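Below is one structure, written out as C-alpha cells; comments come after it.
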Amino acid sequence: MFDGGGQVFVRRDVAGLPWPAVDVYQYIDARPEQAAAVFVDYGLHRTYIPGVRESRVSAIVDRSTVEVDYVVSVPIVSDERYTVRNHLCSYHGGASYGVDWTLVRASSTKATIGHVRFEQHVDTRLGKRGTAMAYSNFVTPGSRLAHFGVVKTRATQQMRETAWAIVRRVEAEQATDRALLEKQIAALRAALEP
C-alpha cells in the first residue's frame, strides 16, 4: 500500500519482449491540479528526473498536446535521444488529470507508451487529503544490449526513481516555490481550456 509514504511497484513481463511494463503508485502531499501542473512543465524534467540530461518542448500540436525532446543517460550504451507526444487531459469533472505519451522517434528505442494519472486520495495513515499518482510506462528497447540483466534492471529501477522524483518535486514546489507553482497551474488551466 502506498499510504504512509510508500510506493507500490508492479512489474508485468511481456512475452517476447526484453523489458517489462511497469506501473508505480504513490501518494503526493498536494492537490491533483498542483501535481499535474508540475509534471507538464516538461522543460524542468531535466532538473529532477534521474538520468534525464535534456528536456524541451519541440512542437505544439494543440493546447493540450506537445512533443517533447529528451536526452537520457543509458548505462553501458550511448545516450538515448527521443521525442514523445504528450497529451494532457482532465476527467472526473476536472478533479483528476492525466498525461498519455507515445514515441514519435528515437535514436534506438522501438516504442514507448505510457501515462501518468493524478487523482484525489485520502492517505488514511497520514490523515491527509492529497493525490494518488499512477505512473505507467512500457518501453520496447532497440539495442541488443537491452537483453542484459544489468541494463534491464537499471531501466526498471529508473522508472521507480522517476516516480519518487516527481513526488519530491511536487512537494518541494508546494512547500518552497509557490510563485513557480502558481505559474505552472495557470499554464495547466490554459492548456485545458475548451
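Labels used: A, B, ... for chains in the order of the C-alpha cells, numbers from 1 for residues in each chain, and numbers from 1 for ligands as shown.
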
Report as a PDB file with C-alpha atoms, in the first residue's frame: the residues of range 72-157 of chain A with a DSSP assignment of strand (DSSP E or B), based on the backbone of this structure.
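Final output, saved to selection-v7.pdb:
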```pdb
ATOM      1  CA  VAL A  72      18.554  10.259 -21.329  1.00  0.00           C
ATOM      2  CA  GLU A  80      19.244   7.827 -25.883  1.00  0.00           C
ATOM      3  CA  ARG A  81      17.633  10.711 -27.769  1.00  0.00           C
ATOM      4  CA  TYR A  82      13.910  10.506 -28.273  1.00  0.00           C
ATOM      5  CA  THR A  83      10.757  12.521 -28.790  1.00  0.00           C
ATOM      6  CA  VAL A  84       7.410  11.669 -27.227  1.00  0.00           C
ATOM      7  CA  ARG A  85       3.996  13.148 -27.915  1.00  0.00           C
ATOM      8  CA  ASN A  86       2.299  14.044 -24.624  1.00  0.00           C
ATOM      9  CA  HIS A  87      -1.435  14.656 -24.388  1.00  0.00           C
ATOM     10  CA  LEU A  88      -2.879  16.305 -21.261  1.00  0.00           C
ATOM     11  CA  CYS A  89      -6.478  15.729 -20.177  1.00  0.00           C
ATOM     12  CA  SER A  90      -8.701  16.177 -17.153  1.00  0.00           C
ATOM     13  CA  TYR A  91     -11.531  13.917 -16.016  1.00  0.00           C
ATOM     14  CA  SER A  96      -8.310  14.486 -11.916  1.00  0.00           C
ATOM     15  CA  TYR A  97      -5.604  14.870 -14.541  1.00  0.00           C
ATOM     16  CA  GLY A  98      -3.719  12.609 -16.905  1.00  0.00           C
ATOM     17  CA  VAL A  99      -0.925  12.708 -19.430  1.00  0.00           C
ATOM     18  CA  ASP A 100      -0.614   9.995 -22.098  1.00  0.00           C
ATOM     19  CA  TRP A 101       2.563   9.628 -24.145  1.00  0.00           C
ATOM     20  CA  THR A 102       3.710   7.739 -27.220  1.00  0.00           C
ATOM     21  CA  LEU A 103       7.028   7.629 -29.012  1.00  0.00           C
ATOM     22  CA  VAL A 104       7.429   9.810 -32.100  1.00  0.00           C
ATOM     23  CA  ARG A 105      11.076   8.999 -32.896  1.00  0.00           C
ATOM     24  CA  ALA A 106      14.209   7.798 -31.120  1.00  0.00           C
ATOM     25  CA  ALA A 111       8.387   2.005 -28.937  1.00  0.00           C
ATOM     26  CA  THR A 112       7.288   3.759 -25.771  1.00  0.00           C
ATOM     27  CA  ILE A 113       3.781   4.097 -24.454  1.00  0.00           C
ATOM     28  CA  GLY A 114       2.712   5.258 -21.053  1.00  0.00           C
ATOM     29  CA  HIS A 115       0.721   7.591 -18.892  1.00  0.00           C
ATOM     30  CA  VAL A 116       0.556   9.292 -15.538  1.00  0.00           C
ATOM     31  CA  ARG A 117      -2.660   9.937 -13.613  1.00  0.00           C
ATOM     32  CA  PHE A 118      -3.223  12.306 -10.684  1.00  0.00           C
ATOM     33  CA  GLU A 119      -6.407  11.642  -8.689  1.00  0.00           C
ATOM     34  CA  GLN A 120      -7.750  12.767  -5.314  1.00  0.00           C
ATOM     35  CA  HIS A 121      -6.843  10.426  -2.473  1.00  0.00           C
ATOM     36  CA  VAL A 122      -7.042  10.439   1.311  1.00  0.00           C
ATOM     37  CA  ASP A 123      -3.958   8.904   2.909  1.00  0.00           C
ATOM     38  CA  LYS A 128      -4.219  13.843   4.782  1.00  0.00           C
ATOM     39  CA  ARG A 129      -6.057  14.608   1.567  1.00  0.00           C
ATOM     40  CA  GLY A 130      -3.719  14.645  -1.404  1.00  0.00           C
ATOM     41  CA  THR A 131      -3.088  12.865  -4.696  1.00  0.00           C
ATOM     42  CA  ALA A 132      -2.712   9.277  -5.796  1.00  0.00           C
ATOM     43  CA  MET A 133      -0.252   9.178  -8.672  1.00  0.00           C
ATOM     44  CA  ALA A 134      -0.340   6.230 -11.064  1.00  0.00           C
ATOM     45  CA  TYR A 135       2.727   6.203 -13.338  1.00  0.00           C
ATOM     46  CA  SER A 136       2.802   3.587 -16.107  1.00  0.00           C
ATOM     47  CA  ASN A 137       5.465   3.063 -18.764  1.00  0.00           C
ATOM     48  CA  PHE A 138       6.272   0.381 -21.304  1.00  0.00           C
ATOM     49  CA  VAL A 139       9.408   0.639 -23.415  1.00  0.00           C
ATOM     50  CA  THR A 140      10.475  -1.619 -26.265  1.00  0.00           C
TER      51      THR A 140
END
```

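Nearest residue to Trp19 in chain A among A:Ala172, A:Met159, A:Val66, A:Ala187 is A:Met159, counting only C-alpha atoms.
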
So that each row is one residue of range 38-120 of chain A with an atom at most 10 Å from range 181-186 of chain A, can you give its shortest atom pair and the distance in Å to one decimal, using only C-alpha atoms, rows by chain and rising number, as CSV?
```
residue,atom,partner,partner_atom,distance
A:Val38,CA,A:Gln184,CA,6.2
A:Phe39,CA,A:Gln184,CA,9.1
A:Val40,CA,A:Gln184,CA,8.1
A:Asp41,CA,A:Gln184,CA,6.8
```

task: Have a look at A:Pro32, A:Pro141, A:Arg125, A:Thr176 and name the one nearest to Ser107 in chain A; count only C-alpha atoms.
output: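 Of A:Pro32, A:Pro141, A:Arg125, A:Thr176, the one nearest Ser107 in chain A is A:Pro141, counting only C-alpha atoms.
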
- request: Record the distance separating CA of Arg31 in chain A and CA of Ser58 in chain A, expressed in Å with one decimal.
  value: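 Going from CA of Arg31 in chain A over to CA of Ser58 in chain A covers 28.3 Å.
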
field: range 94-194 of chain A: residues DSSP assigns to helix (DSSP H, G or I), reported as a ChimeraX atom specification
entry: /A:144-147,149-176,178-191

Kindly save the residues from that selection, with C-alpha atoms included, as a PDB file, in the first residue's frame.
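Contents of the output file again10.pdb:
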```pdb
ATOM      1  CA  ARG A 144      20.646  -5.670 -28.418  1.00  0.00           C
ATOM      2  CA  LEU A 145      22.302  -4.836 -25.095  1.00  0.00           C
ATOM      3  CA  ALA A 146      18.848  -4.273 -23.582  1.00  0.00           C
ATOM      4  CA  HIS A 147      18.597  -8.029 -23.000  1.00  0.00           C
ATOM      5  CA  GLY A 149      20.280  -8.095 -16.908  1.00  0.00           C
ATOM      6  CA  VAL A 150      22.188  -5.026 -15.742  1.00  0.00           C
ATOM      7  CA  VAL A 151      20.610  -2.816 -18.423  1.00  0.00           C
ATOM      8  CA  LYS A 152      17.105  -4.182 -17.826  1.00  0.00           C
ATOM      9  CA  THR A 153      17.468  -3.857 -14.046  1.00  0.00           C
ATOM     10  CA  ARG A 154      18.749  -0.302 -14.306  1.00  0.00           C
ATOM     11  CA  ALA A 155      15.947   0.721 -16.670  1.00  0.00           C
ATOM     12  CA  THR A 156      13.319  -0.725 -14.327  1.00  0.00           C
ATOM     13  CA  GLN A 157      14.921   0.953 -11.306  1.00  0.00           C
ATOM     14  CA  GLN A 158      14.961   4.253 -13.178  1.00  0.00           C
ATOM     15  CA  MET A 159      11.168   4.109 -13.517  1.00  0.00           C
ATOM     16  CA  ARG A 160      10.842   3.704  -9.731  1.00  0.00           C
ATOM     17  CA  GLU A 161      13.213   6.621  -9.235  1.00  0.00           C
ATOM     18  CA  THR A 162      11.247   8.730 -11.722  1.00  0.00           C
ATOM     19  CA  ALA A 163       8.076   8.301  -9.659  1.00  0.00           C
ATOM     20  CA  TRP A 164       9.903   9.259  -6.451  1.00  0.00           C
ATOM     21  CA  ALA A 165      11.419  12.278  -8.219  1.00  0.00           C
ATOM     22  CA  ILE A 166       8.006  13.520  -9.367  1.00  0.00           C
ATOM     23  CA  VAL A 167       6.647  13.236  -5.819  1.00  0.00           C
ATOM     24  CA  ARG A 168       9.634  15.070  -4.328  1.00  0.00           C
ATOM     25  CA  ARG A 169       9.463  17.853  -6.927  1.00  0.00           C
ATOM     26  CA  VAL A 170       5.734  18.490  -6.477  1.00  0.00           C
ATOM     27  CA  GLU A 171       6.013  18.521  -2.688  1.00  0.00           C
ATOM     28  CA  ALA A 172       9.118  20.748  -2.771  1.00  0.00           C
ATOM     29  CA  GLU A 173       7.469  23.317  -5.025  1.00  0.00           C
ATOM     30  CA  GLN A 174       4.355  23.356  -2.879  1.00  0.00           C
ATOM     31  CA  ALA A 175       6.479  23.974   0.223  1.00  0.00           C
ATOM     32  CA  THR A 176       9.109  26.406  -1.091  1.00  0.00           C
ATOM     33  CA  ARG A 178       4.667  28.842  -4.624  1.00  0.00           C
ATOM     34  CA  ALA A 179       5.306  31.507  -7.278  1.00  0.00           C
ATOM     35  CA  LEU A 180       6.568  28.915  -9.773  1.00  0.00           C
ATOM     36  CA  LEU A 181       3.749  26.534  -8.844  1.00  0.00           C
ATOM     37  CA  GLU A 182       1.127  29.236  -9.471  1.00  0.00           C
ATOM     38  CA  LYS A 183       2.625  29.904 -12.931  1.00  0.00           C
ATOM     39  CA  GLN A 184       2.535  26.177 -13.697  1.00  0.00           C
ATOM     40  CA  ILE A 185      -1.106  25.927 -12.566  1.00  0.00           C
ATOM     41  CA  ALA A 186      -2.034  28.862 -14.821  1.00  0.00           C
ATOM     42  CA  ALA A 187      -0.296  27.124 -17.755  1.00  0.00           C
ATOM     43  CA  LEU A 188      -2.127  23.864 -16.967  1.00  0.00           C
ATOM     44  CA  ARG A 189      -5.509  25.622 -16.906  1.00  0.00           C
ATOM     45  CA  ALA A 190      -4.757  27.394 -20.175  1.00  0.00           C
ATOM     46  CA  ALA A 191      -3.817  24.082 -21.829  1.00  0.00           C
TER      47      ALA A 191
END
```

task: Write out as a list of chain:residue names each polymer residue whose atoms come within 8 Å of Glu54 in chain A, counting only C-alpha atoms; drop sequence neighbours fewer than 6 positions from it.
output: A:His45, A:Arg46, A:Asp69, A:Tyr70, A:Val71, A:Val72
